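Heads up, the thing below is written out as structure tokens.
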Amino acid sequence: MLASTDGMLILLLLLLASYAVGVVLPFCVPRKPQMQGMVGSVCACAASGIGIALGISGLVDSEPLMASVASSIPLLAFAVRLDPLASFFVLTISLAGLAASIYAMGYLKEFHGRVSVAALAALTNAFLLSMTLVVIADNGFFFLIAWELMSLVSYFLVVTEHEKADVRYAGFFYLVMTHVGTA
């Protein structure tokens, strides 16, 4: 039988893999925006479902999940920690991500022929992934990388309809505010 932290690690890896597949797979069905949107939404739904299970297991488990991967920069590592507080936020992000992904299945139809649906689906998965990484980051180095990734991905989501001047302004304002927040 797996220890509870082993089970949580498997769920975490499945969550990360599902979002990663959701970033790549929409581009594998060119010229089929309906399928691109569906593939991205299904991957996000799957990852969100796994995130819900991970969040709940992290809330009820007595010991936190801690894992790290060494980087090529001395004394810095990509470290994650899933304690009850992080689990609460993973659960919250996953619940909102599940609702948004279900809604996106119909919403993305509005963008067919105007913008790349594959890019929107991939960015949505990348955004949910980066938000999850922000809340499970266990050191400042990894937190800043995840925060920057989240800021950039969300900027590109905001400026999807970049031909509108007010959208470009909103995107620029958002980008400035996220970097002020980082500072």
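Identifiers in this document derive from the order of the structure tokens: chains are assigned A, B, ..., residues are numbered from 1 separately in each chain, and ligands are numbered from 1 in order of occurrence.
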Which of chain A DSSP labels alpha helix (DSSP H), written as a CSV table (one decimal) with N, CA, C and O atoms, in the first residue's frame:
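Result written to selection_27.csv:
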chain,number,residue,atom,x,y,z
A,4,SER,N,0.6,7.9,2.3
A,4,SER,CA,-0.3,9.0,1.8
A,4,SER,C,0.5,10.0,1.0
A,4,SER,O,0.0,10.6,0.1
A,5,THR,N,1.8,10.3,1.4
A,5,THR,CA,2.5,11.3,0.7
A,5,THR,C,2.9,10.7,-0.7
A,5,THR,O,3.0,11.5,-1.7
A,6,ASP,N,3.1,9.4,-0.9
A,6,ASP,CA,3.3,8.8,-2.2
A,6,ASP,C,2.1,9.0,-3.1
A,6,ASP,O,2.2,9.3,-4.3
A,7,GLY,N,0.9,8.8,-2.5
A,7,GLY,CA,-0.3,9.0,-3.3
A,7,GLY,C,-0.5,10.5,-3.7
A,7,GLY,O,-0.9,10.8,-4.8
A,8,MET,N,-0.1,11.4,-2.8
A,8,MET,CA,-0.2,12.8,-3.1
A,8,MET,C,0.8,13.2,-4.2
A,8,MET,O,0.5,14.0,-5.1
A,9,LEU,N,2.0,12.6,-4.1
A,9,LEU,CA,3.0,12.9,-5.1
A,9,LEU,C,2.5,12.4,-6.5
A,9,LEU,O,2.7,13.1,-7.5
A,10,ILE,N,1.9,11.2,-6.5
A,10,ILE,CA,1.3,10.7,-7.8
A,10,ILE,C,0.2,11.6,-8.3
A,10,ILE,O,0.2,11.9,-9.5
A,11,LEU,N,-0.6,12.1,-7.4
A,11,LEU,CA,-1.7,13.0,-7.9
A,11,LEU,C,-1.1,14.3,-8.4
A,11,LEU,O,-1.5,14.9,-9.4
A,12,LEU,N,-0.1,14.8,-7.7
A,12,LEU,CA,0.6,16.0,-8.1
A,12,LEU,C,1.2,15.9,-9.5
A,12,LEU,O,1.1,16.7,-10.4
A,13,LEU,N,1.9,14.8,-9.7
A,13,LEU,CA,2.5,14.5,-11.0
A,13,LEU,C,1.5,14.4,-12.1
A,13,LEU,O,1.6,14.8,-13.3
A,14,LEU,N,0.3,13.7,-11.8
A,14,LEU,CA,-0.8,13.6,-12.8
A,14,LEU,C,-1.4,14.9,-13.1
A,14,LEU,O,-1.7,15.2,-14.3
A,15,LEU,N,-1.5,15.8,-12.1
A,15,LEU,CA,-2.0,17.1,-12.3
A,15,LEU,C,-1.1,17.9,-13.2
A,15,LEU,O,-1.6,18.5,-14.2
A,16,LEU,N,0.2,17.9,-12.9
A,16,LEU,CA,1.1,18.6,-13.8
A,16,LEU,C,1.1,18.1,-15.2
A,16,LEU,O,1.2,18.9,-16.2
A,17,ALA,N,1.1,16.8,-15.3
A,17,ALA,CA,1.1,16.2,-16.7
A,17,ALA,C,-0.2,16.5,-17.4
A,17,ALA,O,-0.1,16.8,-18.6
A,18,SER,N,-1.3,16.5,-16.8
A,18,SER,CA,-2.6,16.8,-17.4
A,18,SER,C,-2.6,18.2,-18.0
A,18,SER,O,-3.0,18.5,-19.1
A,19,TYR,N,-2.1,19.2,-17.1
A,19,TYR,CA,-2.0,20.6,-17.6
A,19,TYR,C,-1.0,20.7,-18.7
A,19,TYR,O,-1.3,21.4,-19.7
A,20,ALA,N,0.1,20.0,-18.6
A,20,ALA,CA,1.1,20.1,-19.7
A,20,ALA,C,0.6,19.5,-21.0
A,20,ALA,O,0.8,20.1,-22.1
A,21,VAL,N,-0.2,18.4,-21.0
A,21,VAL,CA,-0.8,17.9,-22.2
A,21,VAL,C,-1.8,18.9,-22.7
A,21,VAL,O,-1.9,19.1,-23.9
A,22,GLY,N,-2.5,19.6,-21.8
A,22,GLY,CA,-3.5,20.6,-22.2
A,22,GLY,C,-2.8,21.8,-22.9
A,22,GLY,O,-3.5,22.5,-23.6
A,23,VAL,N,-1.6,22.0,-22.6
A,23,VAL,CA,-0.8,23.1,-23.2
A,23,VAL,C,-0.4,22.7,-24.6
A,23,VAL,O,-0.5,23.5,-25.6
A,24,VAL,N,0.0,21.5,-24.8
A,24,VAL,CA,0.5,21.0,-26.1
A,24,VAL,C,-0.6,20.5,-27.1
A,24,VAL,O,-0.6,20.8,-28.3
A,33,PRO,N,-10.8,24.3,-34.9
A,33,PRO,CA,-11.0,25.0,-33.6
A,33,PRO,C,-12.0,24.4,-32.7
A,33,PRO,O,-11.7,24.5,-31.5
A,34,GLN,N,-13.0,23.7,-33.1
A,34,GLN,CA,-14.0,23.1,-32.2
A,34,GLN,C,-13.2,22.0,-31.4
A,34,GLN,O,-13.4,21.9,-30.2
A,35,MET,N,-12.4,21.2,-32.1
A,35,MET,CA,-11.7,20.1,-31.5
A,35,MET,C,-10.6,20.7,-30.6
A,35,MET,O,-10.3,20.2,-29.5
A,36,GLN,N,-9.9,21.7,-31.0
A,36,GLN,CA,-8.9,22.4,-30.2
A,36,GLN,C,-9.4,22.8,-28.8
A,36,GLN,O,-8.8,22.6,-27.8
A,37,GLY,N,-10.5,23.5,-28.9
A,37,GLY,CA,-11.2,24.0,-27.7
A,37,GLY,C,-11.6,22.8,-26.8
A,37,GLY,O,-11.4,22.9,-25.5
A,38,MET,N,-12.2,21.8,-27.4
A,38,MET,CA,-12.7,20.7,-26.6
A,38,MET,C,-11.5,19.9,-25.9
A,38,MET,O,-11.6,19.6,-24.8
A,39,VAL,N,-10.4,19.7,-26.7
A,39,VAL,CA,-9.2,19.0,-26.2
A,39,VAL,C,-8.6,19.8,-25.0
A,39,VAL,O,-8.3,19.2,-23.9
A,40,GLY,N,-8.5,21.1,-25.2
A,40,GLY,CA,-7.9,21.9,-24.1
A,40,GLY,C,-8.8,21.9,-22.9
A,40,GLY,O,-8.3,21.8,-21.7
A,41,SER,N,-10.1,22.0,-23.1
A,41,SER,CA,-11.1,22.0,-22.0
A,41,SER,C,-11.1,20.7,-21.2
A,41,SER,O,-11.2,20.7,-20.0
A,42,VAL,N,-11.1,19.6,-22.0
A,42,VAL,CA,-11.1,18.3,-21.4
A,42,VAL,C,-9.8,18.1,-20.5
A,42,VAL,O,-9.9,17.6,-19.4
A,43,CYS,N,-8.7,18.5,-21.1
A,43,CYS,CA,-7.4,18.4,-20.3
A,43,CYS,C,-7.5,19.2,-19.0
A,43,CYS,O,-7.1,18.8,-17.9
A,44,ALA,N,-8.0,20.4,-19.1
A,44,ALA,CA,-8.1,21.3,-17.9
A,44,ALA,C,-9.1,20.7,-16.9
A,44,ALA,O,-8.9,20.8,-15.7
A,45,CYS,N,-10.2,20.1,-17.4
A,45,CYS,CA,-11.2,19.5,-16.5
A,45,CYS,C,-10.6,18.3,-15.8
A,45,CYS,O,-10.8,18.1,-14.6
A,46,ALA,N,-9.8,17.5,-16.6
A,46,ALA,CA,-9.1,16.3,-15.9
A,46,ALA,C,-8.1,16.8,-14.9
A,46,ALA,O,-8.1,16.2,-13.8
A,47,ALA,N,-7.3,17.8,-15.2
A,47,ALA,CA,-6.3,18.3,-14.3
A,47,ALA,C,-7.0,18.9,-13.0
A,47,ALA,O,-6.6,18.7,-11.9
A,48,SER,N,-8.1,19.6,-13.3
A,48,SER,CA,-8.8,20.2,-12.2
A,48,SER,C,-9.5,19.1,-11.3
A,48,SER,O,-9.4,19.3,-10.0
A,49,GLY,N,-10.0,18.1,-11.8
A,49,GLY,CA,-10.5,17.0,-11.0
A,49,GLY,C,-9.4,16.3,-10.2
A,49,GLY,O,-9.6,16.0,-9.0
A,50,ILE,N,-8.2,16.2,-10.8
A,50,ILE,CA,-7.1,15.6,-10.0
A,50,ILE,C,-6.7,16.6,-8.9
A,50,ILE,O,-6.4,16.2,-7.8
A,51,GLY,N,-6.7,17.9,-9.3
A,51,GLY,CA,-6.4,18.9,-8.3
A,51,GLY,C,-7.4,19.0,-7.1
A,51,GLY,O,-7.0,19.2,-6.0
A,52,ILE,N,-8.6,18.7,-7.4
A,52,ILE,CA,-9.6,18.6,-6.3
A,52,ILE,C,-9.3,17.5,-5.4
A,52,ILE,O,-9.3,17.6,-4.1
A,53,ALA,N,-9.0,16.3,-6.0
A,53,ALA,CA,-8.6,15.2,-5.1
A,53,ALA,C,-7.3,15.4,-4.4
A,53,ALA,O,-7.2,15.1,-3.2
A,54,LEU,N,-6.4,16.1,-5.0
A,54,LEU,CA,-5.1,16.4,-4.4
A,54,LEU,C,-5.3,17.4,-3.2
A,54,LEU,O,-4.8,17.3,-2.1
A,55,GLY,N,-6.1,18.4,-3.5
A,55,GLY,CA,-6.4,19.4,-2.4
A,55,GLY,C,-7.1,18.8,-1.2
A,55,GLY,O,-6.7,19.1,-0.1
A,56,ILE,N,-8.1,17.9,-1.5
A,56,ILE,CA,-8.8,17.3,-0.3
A,56,ILE,C,-7.8,16.3,0.4
A,56,ILE,O,-7.8,16.3,1.6
A,57,SER,N,-7.0,15.6,-0.3
A,57,SER,CA,-6.1,14.7,0.4
A,57,SER,C,-5.0,15.5,1.2
A,57,SER,O,-4.6,15.0,2.2
A,58,GLY,N,-4.6,16.6,0.7
A,58,GLY,CA,-3.7,17.4,1.4
A,58,GLY,C,-4.3,18.0,2.7
A,58,GLY,O,-3.6,18.3,3.6
A,59,LEU,N,-5.6,18.3,2.6
A,59,LEU,CA,-6.3,18.9,3.8
A,59,LEU,C,-6.4,17.8,4.9
A,59,LEU,O,-6.4,18.2,6.1
A,60,VAL,N,-6.6,16.6,4.5
A,60,VAL,CA,-6.9,15.6,5.5
A,60,VAL,C,-5.6,14.8,6.0
A,60,VAL,O,-5.7,14.1,7.0
A,84,PRO,N,-1.6,21.9,4.5
A,84,PRO,CA,-3.0,22.2,4.5
A,84,PRO,C,-3.4,23.6,3.9
A,84,PRO,O,-4.4,23.7,3.2
A,85,LEU,N,-2.6,24.6,4.1
A,85,LEU,CA,-2.9,25.9,3.5
A,85,LEU,C,-2.7,25.8,2.0
A,85,LEU,O,-3.6,26.3,1.3
A,86,ALA,N,-1.6,25.3,1.5
A,86,ALA,CA,-1.5,25.1,0.0
A,86,ALA,C,-2.6,24.2,-0.5
A,86,ALA,O,-3.1,24.5,-1.6
A,87,SER,N,-3.0,23.2,0.2
A,87,SER,CA,-4.0,22.3,-0.3
A,87,SER,C,-5.3,23.0,-0.4
A,87,SER,O,-6.1,22.8,-1.4
A,88,PHE,N,-5.6,23.9,0.5
A,88,PHE,CA,-6.9,24.7,0.4
A,88,PHE,C,-6.9,25.5,-0.9
A,88,PHE,O,-7.9,25.6,-1.6
A,89,PHE,N,-5.7,26.1,-1.2
A,89,PHE,CA,-5.7,27.0,-2.4
A,89,PHE,C,-5.6,26.1,-3.7
A,89,PHE,O,-6.2,26.5,-4.7
A,90,VAL,N,-5.0,24.9,-3.6
A,90,VAL,CA,-5.1,24.0,-4.8
A,90,VAL,C,-6.5,23.6,-5.0
A,90,VAL,O,-7.0,23.5,-6.1
A,91,LEU,N,-7.2,23.3,-3.9
A,91,LEU,CA,-8.6,22.9,-4.0
A,91,LEU,C,-9.4,24.1,-4.6
A,91,LEU,O,-10.3,23.9,-5.5
A,92,THR,N,-9.2,25.3,-4.1
A,92,THR,CA,-10.0,26.4,-4.6
A,92,THR,C,-9.7,26.7,-6.1
A,92,THR,O,-10.6,26.9,-6.9
A,93,ILE,N,-8.4,26.7,-6.5
A,93,ILE,CA,-8.0,26.9,-7.9
A,93,ILE,C,-8.6,25.8,-8.8
A,93,ILE,O,-9.1,26.1,-9.9
A,94,SER,N,-8.6,24.6,-8.3
A,94,SER,CA,-9.1,23.4,-9.1
A,94,SER,C,-10.6,23.5,-9.2
A,94,SER,O,-11.1,23.2,-10.3
A,95,LEU,N,-11.3,23.9,-8.2
A,95,LEU,CA,-12.8,24.1,-8.3
A,95,LEU,C,-13.1,25.2,-9.3
A,95,LEU,O,-14.0,25.0,-10.2
A,96,ALA,N,-12.4,26.3,-9.2
A,96,ALA,CA,-12.7,27.4,-10.2
A,96,ALA,C,-12.2,27.0,-11.6
A,96,ALA,O,-12.9,27.3,-12.6
A,97,GLY,N,-11.1,26.3,-11.7
A,97,GLY,CA,-10.6,25.8,-13.0
A,97,GLY,C,-11.6,24.8,-13.6
A,97,GLY,O,-11.8,24.8,-14.8
A,98,LEU,N,-12.2,23.9,-12.8
A,98,LEU,CA,-13.2,23.0,-13.3
A,98,LEU,C,-14.4,23.8,-13.9
A,98,LEU,O,-14.8,23.5,-15.0
A,99,ALA,N,-14.9,24.7,-13.1
A,99,ALA,CA,-16.0,25.5,-13.6
A,99,ALA,C,-15.7,26.3,-14.9
A,99,ALA,O,-16.5,26.3,-15.8
A,100,ALA,N,-14.5,26.9,-14.9
A,100,ALA,CA,-14.1,27.7,-16.1
A,100,ALA,C,-13.9,26.8,-17.3
A,100,ALA,O,-14.2,27.2,-18.4
A,101,SER,N,-13.4,25.6,-17.1
A,101,SER,CA,-13.1,24.7,-18.2
A,101,SER,C,-14.4,24.2,-18.8
A,101,SER,O,-14.5,24.0,-20.0
A,102,ILE,N,-15.4,23.9,-17.9
A,102,ILE,CA,-16.7,23.5,-18.5
A,102,ILE,C,-17.3,24.6,-19.2
A,102,ILE,O,-17.8,24.4,-20.3
A,103,TYR,N,-17.3,25.8,-18.7
A,103,TYR,CA,-17.8,27.0,-19.4
A,103,TYR,C,-17.1,27.2,-20.7
A,103,TYR,O,-17.7,27.6,-21.7
A,104,ALA,N,-15.8,27.0,-20.7
A,104,ALA,CA,-15.0,27.3,-21.9
A,104,ALA,C,-15.4,26.4,-23.1
A,104,ALA,O,-15.2,26.8,-24.3
A,105,MET,N,-15.9,25.2,-22.8
A,105,MET,CA,-16.3,24.4,-23.9
A,105,MET,C,-17.3,25.1,-24.9
A,105,MET,O,-17.3,24.9,-26.1
A,106,GLY,N,-18.2,25.9,-24.3
A,106,GLY,CA,-19.1,26.6,-25.2
A,106,GLY,C,-18.6,28.0,-25.5
A,106,GLY,O,-18.8,28.5,-26.6
A,107,TYR,N,-17.9,28.6,-24.6
A,107,TYR,CA,-17.5,30.0,-24.7
A,107,TYR,C,-16.5,30.2,-25.9
A,107,TYR,O,-16.5,31.2,-26.6
A,117,VAL,N,-7.9,29.4,-31.3
A,117,VAL,CA,-8.5,28.7,-30.3
A,117,VAL,C,-7.5,27.8,-29.6
A,117,VAL,O,-7.6,27.6,-28.4
A,118,ALA,N,-6.6,27.2,-30.4
A,118,ALA,CA,-5.6,26.4,-29.8
A,118,ALA,C,-4.7,27.2,-28.8
A,118,ALA,O,-4.4,26.7,-27.7
A,119,ALA,N,-4.4,28.4,-29.1
A,119,ALA,CA,-3.6,29.2,-28.2
A,119,ALA,C,-4.4,29.6,-26.9
A,119,ALA,O,-3.9,29.5,-25.8
A,120,LEU,N,-5.7,29.9,-27.1
A,120,LEU,CA,-6.5,30.1,-25.9
A,120,LEU,C,-6.6,28.9,-25.0
A,120,LEU,O,-6.5,29.1,-23.8
A,121,ALA,N,-6.8,27.8,-25.6
A,121,ALA,CA,-6.9,26.5,-24.8
A,121,ALA,C,-5.6,26.2,-24.1
A,121,ALA,O,-5.6,25.9,-22.9
A,122,ALA,N,-4.5,26.4,-24.8
A,122,ALA,CA,-3.2,26.1,-24.2
A,122,ALA,C,-2.9,27.2,-23.1
A,122,ALA,O,-2.4,26.8,-22.0
A,123,LEU,N,-3.2,28.4,-23.3
A,123,LEU,CA,-3.0,29.4,-22.3
A,123,LEU,C,-3.8,29.2,-21.1
A,123,LEU,O,-3.4,29.5,-20.0
A,124,THR,N,-5.0,28.8,-21.3
A,124,THR,CA,-5.9,28.5,-20.1
A,124,THR,C,-5.3,27.4,-19.2
A,124,THR,O,-5.2,27.5,-18.0
A,125,ASN,N,-4.8,26.3,-19.9
A,125,ASN,CA,-4.1,25.3,-19.1
A,125,ASN,C,-2.9,25.8,-18.5
A,125,ASN,O,-2.6,25.4,-17.3
A,126,ALA,N,-2.1,26.6,-19.2
A,126,ALA,CA,-0.9,27.1,-18.6
A,126,ALA,C,-1.1,28.0,-17.5
A,126,ALA,O,-0.4,28.0,-16.5
A,127,PHE,N,-2.2,28.8,-17.5
A,127,PHE,CA,-2.6,29.7,-16.5
A,127,PHE,C,-3.0,28.9,-15.2
A,127,PHE,O,-2.5,29.2,-14.1
A,128,LEU,N,-3.8,27.9,-15.4
A,128,LEU,CA,-4.2,27.1,-14.2
A,128,LEU,C,-3.0,26.4,-13.6
A,128,LEU,O,-2.9,26.3,-12.4
A,129,LEU,N,-2.1,25.9,-14.5
A,129,LEU,CA,-0.9,25.2,-14.0
A,129,LEU,C,0.0,26.2,-13.2
A,129,LEU,O,0.4,25.9,-12.1
A,130,SER,N,0.2,27.4,-13.8
A,130,SER,CA,1.0,28.4,-13.1
A,130,SER,C,0.4,28.9,-11.8
A,130,SER,O,1.2,29.1,-10.8
A,131,MET,N,-0.9,29.0,-11.7
A,131,MET,CA,-1.5,29.4,-10.4
A,131,MET,C,-1.3,28.3,-9.4
A,131,MET,O,-1.0,28.6,-8.2
A,132,THR,N,-1.4,27.0,-9.8
A,132,THR,CA,-1.1,25.9,-8.9
A,132,THR,C,0.3,25.9,-8.4
A,132,THR,O,0.6,25.7,-7.2
A,133,LEU,N,1.2,26.2,-9.3
A,133,LEU,CA,2.7,26.2,-8.9
A,133,LEU,C,2.9,27.3,-8.0
A,133,LEU,O,3.8,27.2,-7.1
A,134,VAL,N,2.3,28.5,-8.1
A,134,VAL,CA,2.5,29.6,-7.2
A,134,VAL,C,2.2,29.2,-5.8
A,134,VAL,O,2.9,29.5,-4.9
A,135,VAL,N,1.0,28.5,-5.6
A,135,VAL,CA,0.6,28.2,-4.2
A,135,VAL,C,1.3,27.0,-3.6
A,135,VAL,O,1.3,26.9,-2.4
A,136,ILE,N,2.0,26.2,-4.4
A,136,ILE,CA,2.7,25.1,-3.8
A,136,ILE,C,4.2,25.3,-3.8
A,136,ILE,O,5.0,24.4,-3.3
A,140,GLY,N,11.5,31.0,-2.4
A,140,GLY,CA,11.3,32.2,-3.1
A,140,GLY,C,11.7,32.2,-4.5
A,140,GLY,O,11.1,32.8,-5.4
A,141,PHE,N,12.8,31.4,-4.9
A,141,PHE,CA,13.2,31.3,-6.2
A,141,PHE,C,12.1,30.7,-7.1
A,141,PHE,O,11.8,31.2,-8.1
A,142,PHE,N,11.6,29.5,-6.7
A,142,PHE,CA,10.6,28.9,-7.5
A,142,PHE,C,9.3,29.7,-7.5
A,142,PHE,O,8.6,29.7,-8.5
A,143,PHE,N,8.9,30.3,-6.4
A,143,PHE,CA,7.8,31.2,-6.3
A,143,PHE,C,7.8,32.3,-7.3
A,143,PHE,O,6.9,32.6,-8.0
A,144,LEU,N,9.0,33.0,-7.4
A,144,LEU,CA,9.1,34.1,-8.4
A,144,LEU,C,9.0,33.6,-9.8
A,144,LEU,O,8.4,34.2,-10.7
A,145,ILE,N,9.6,32.4,-10.1
A,145,ILE,CA,9.5,31.8,-11.5
A,145,ILE,C,8.0,31.5,-11.8
A,145,ILE,O,7.5,31.9,-12.8
A,146,ALA,N,7.3,30.9,-10.8
A,146,ALA,CA,5.9,30.5,-11.0
A,146,ALA,C,5.0,31.8,-11.2
A,146,ALA,O,4.1,31.9,-12.0
A,147,TRP,N,5.3,32.8,-10.3
A,147,TRP,CA,4.6,34.1,-10.4
A,147,TRP,C,4.8,34.8,-11.7
A,147,TRP,O,3.8,35.3,-12.3
A,148,GLU,N,6.0,34.8,-12.2
A,148,GLU,CA,6.3,35.4,-13.5
A,148,GLU,C,5.6,34.7,-14.6
A,148,GLU,O,5.0,35.3,-15.5
A,149,LEU,N,5.6,33.4,-14.6
A,149,LEU,CA,4.9,32.6,-15.6
A,149,LEU,C,3.4,32.9,-15.5
A,149,LEU,O,2.8,33.1,-16.6
A,150,MET,N,2.9,32.9,-14.3
A,150,MET,CA,1.4,33.2,-14.2
A,150,MET,C,1.1,34.6,-14.7
A,150,MET,O,0.1,34.8,-15.4
A,151,SER,N,2.0,35.6,-14.4
A,151,SER,CA,1.8,37.0,-14.9
A,151,SER,C,1.8,37.0,-16.4
A,151,SER,O,0.9,37.7,-17.0
A,152,LEU,N,2.8,36.4,-17.0
A,152,LEU,CA,2.9,36.5,-18.5
A,152,LEU,C,1.8,35.7,-19.2
A,152,LEU,O,1.2,36.2,-20.2
A,153,VAL,N,1.4,34.6,-18.7
A,153,VAL,CA,0.3,33.8,-19.3
A,153,VAL,C,-1.0,34.5,-19.2
A,153,VAL,O,-1.8,34.6,-20.2
A,154,SER,N,-1.2,35.1,-18.0
A,154,SER,CA,-2.5,35.8,-17.9
A,154,SER,C,-2.5,37.1,-18.7
A,154,SER,O,-3.6,37.5,-19.2
A,155,TYR,N,-1.4,37.7,-18.9
A,155,TYR,CA,-1.3,38.9,-19.8
A,155,TYR,C,-1.8,38.5,-21.2
A,155,TYR,O,-2.6,39.2,-21.9
A,156,PHE,N,-1.3,37.4,-21.7
A,156,PHE,CA,-1.6,36.9,-23.1
A,156,PHE,C,-3.1,36.5,-23.1
A,156,PHE,O,-3.7,36.7,-24.2
A,157,LEU,N,-3.6,36.0,-22.1
A,157,LEU,CA,-5.1,35.7,-22.0
A,157,LEU,C,-5.9,37.0,-22.1
A,157,LEU,O,-6.9,37.1,-22.8
A,158,VAL,N,-5.4,38.0,-21.3
A,158,VAL,CA,-6.1,39.3,-21.3
A,158,VAL,C,-6.2,40.0,-22.7
A,158,VAL,O,-7.2,40.5,-23.1
A,165,ALA,N,-8.3,48.7,-28.7
A,165,ALA,CA,-7.4,49.6,-27.9
A,165,ALA,C,-7.6,49.4,-26.4
A,165,ALA,O,-6.6,49.4,-25.7
A,166,ASP,N,-8.9,49.3,-25.9
A,166,ASP,CA,-9.1,49.2,-24.5
A,166,ASP,C,-8.6,47.9,-24.0
A,166,ASP,O,-8.1,47.8,-22.8
A,167,VAL,N,-8.5,46.8,-24.8
A,167,VAL,CA,-8.0,45.6,-24.4
A,167,VAL,C,-6.5,45.7,-24.2
A,167,VAL,O,-5.9,45.1,-23.3
A,168,ARG,N,-5.8,46.3,-25.2
A,168,ARG,CA,-4.4,46.5,-25.1
A,168,ARG,C,-4.0,47.3,-23.9
A,168,ARG,O,-3.0,47.0,-23.2
A,169,TYR,N,-4.8,48.4,-23.6
A,169,TYR,CA,-4.5,49.2,-22.4
A,169,TYR,C,-4.7,48.3,-21.1
A,169,TYR,O,-3.9,48.4,-20.2
A,170,ALA,N,-5.8,47.5,-21.1
A,170,ALA,CA,-6.0,46.7,-19.9
A,170,ALA,C,-4.9,45.7,-19.7
A,170,ALA,O,-4.4,45.4,-18.6
A,171,GLY,N,-4.4,45.1,-20.8
A,171,GLY,CA,-3.3,44.2,-20.8
A,171,GLY,C,-2.0,44.8,-20.3
A,171,GLY,O,-1.3,44.3,-19.4
A,172,PHE,N,-1.7,46.0,-20.8
A,172,PHE,CA,-0.5,46.7,-20.3
A,172,PHE,C,-0.6,47.1,-18.8
A,172,PHE,O,0.3,46.9,-18.1
A,173,PHE,N,-1.8,47.6,-18.4
A,173,PHE,CA,-2.0,47.9,-17.0
A,173,PHE,C,-1.9,46.7,-16.1
A,173,PHE,O,-1.2,46.7,-15.1
A,174,TYR,N,-2.4,45.6,-16.6
A,174,TYR,CA,-2.3,44.3,-15.8
A,174,TYR,C,-0.9,43.9,-15.7
A,174,TYR,O,-0.5,43.5,-14.6
A,175,LEU,N,-0.1,44.0,-16.8
A,175,LEU,CA,1.3,43.5,-16.7
A,175,LEU,C,2.1,44.4,-15.8
A,175,LEU,O,2.9,43.9,-15.0
A,176,VAL,N,1.8,45.7,-15.8
A,176,VAL,CA,2.5,46.6,-14.9
A,176,VAL,C,2.2,46.3,-13.4
A,176,VAL,O,3.0,46.2,-12.6
A,177,MET,N,0.9,46.1,-13.2
A,177,MET,CA,0.4,45.9,-11.8
A,177,MET,C,1.0,44.5,-11.3
A,177,MET,O,1.4,44.5,-10.1
A,178,THR,N,1.1,43.5,-12.1
A,178,THR,CA,1.6,42.2,-11.6
A,178,THR,C,3.1,42.4,-11.3
A,178,THR,O,3.6,41.8,-10.3
A,179,HIS,N,3.8,43.2,-12.0
A,179,HIS,CA,5.2,43.4,-11.8
A,179,HIS,C,5.5,44.3,-10.6
A,179,HIS,O,6.4,44.1,-9.8
A,180,VAL,N,4.6,45.2,-10.4
A,180,VAL,CA,4.6,46.1,-9.2
A,180,VAL,C,4.3,45.2,-7.9
A,180,VAL,O,5.0,45.3,-6.9
A,181,GLY,N,3.4,44.3,-8.1
A,181,GLY,CA,3.1,43.3,-7.0
A,181,GLY,C,4.2,42.4,-6.7
A,181,GLY,O,4.5,42.1,-5.5
A,182,THR,N,5.0,42.0,-7.7
A,182,THR,CA,6.1,41.2,-7.5
A,182,THR,C,7.2,41.9,-6.7
A,182,THR,O,7.8,41.4,-5.8
Item to check | Residue neighbourhood Val80 in chain A, 6 Å, only C-alpha atoms, exclusion window fewer than 6 positions, as an MDAnalysis selection string | outcome: chainID A and resid 66:67 136:138
Next on the checklist: Considering only strand (DSSP E) as DSSP defines it on the backbone, what residues of chain A qualify? List them as a ChimeraX atom specification.
Outcome noted: /A:65-70,77-82
Item to check | Å distance separating CA of Leu65 in chain A from CA of Ala183 in chain A, one decimal place | outcome: 28.7 Å
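Of note, CA of Leu25 in chain A and CA of Ser68 in chain A are spaced 26.9 Å apart.
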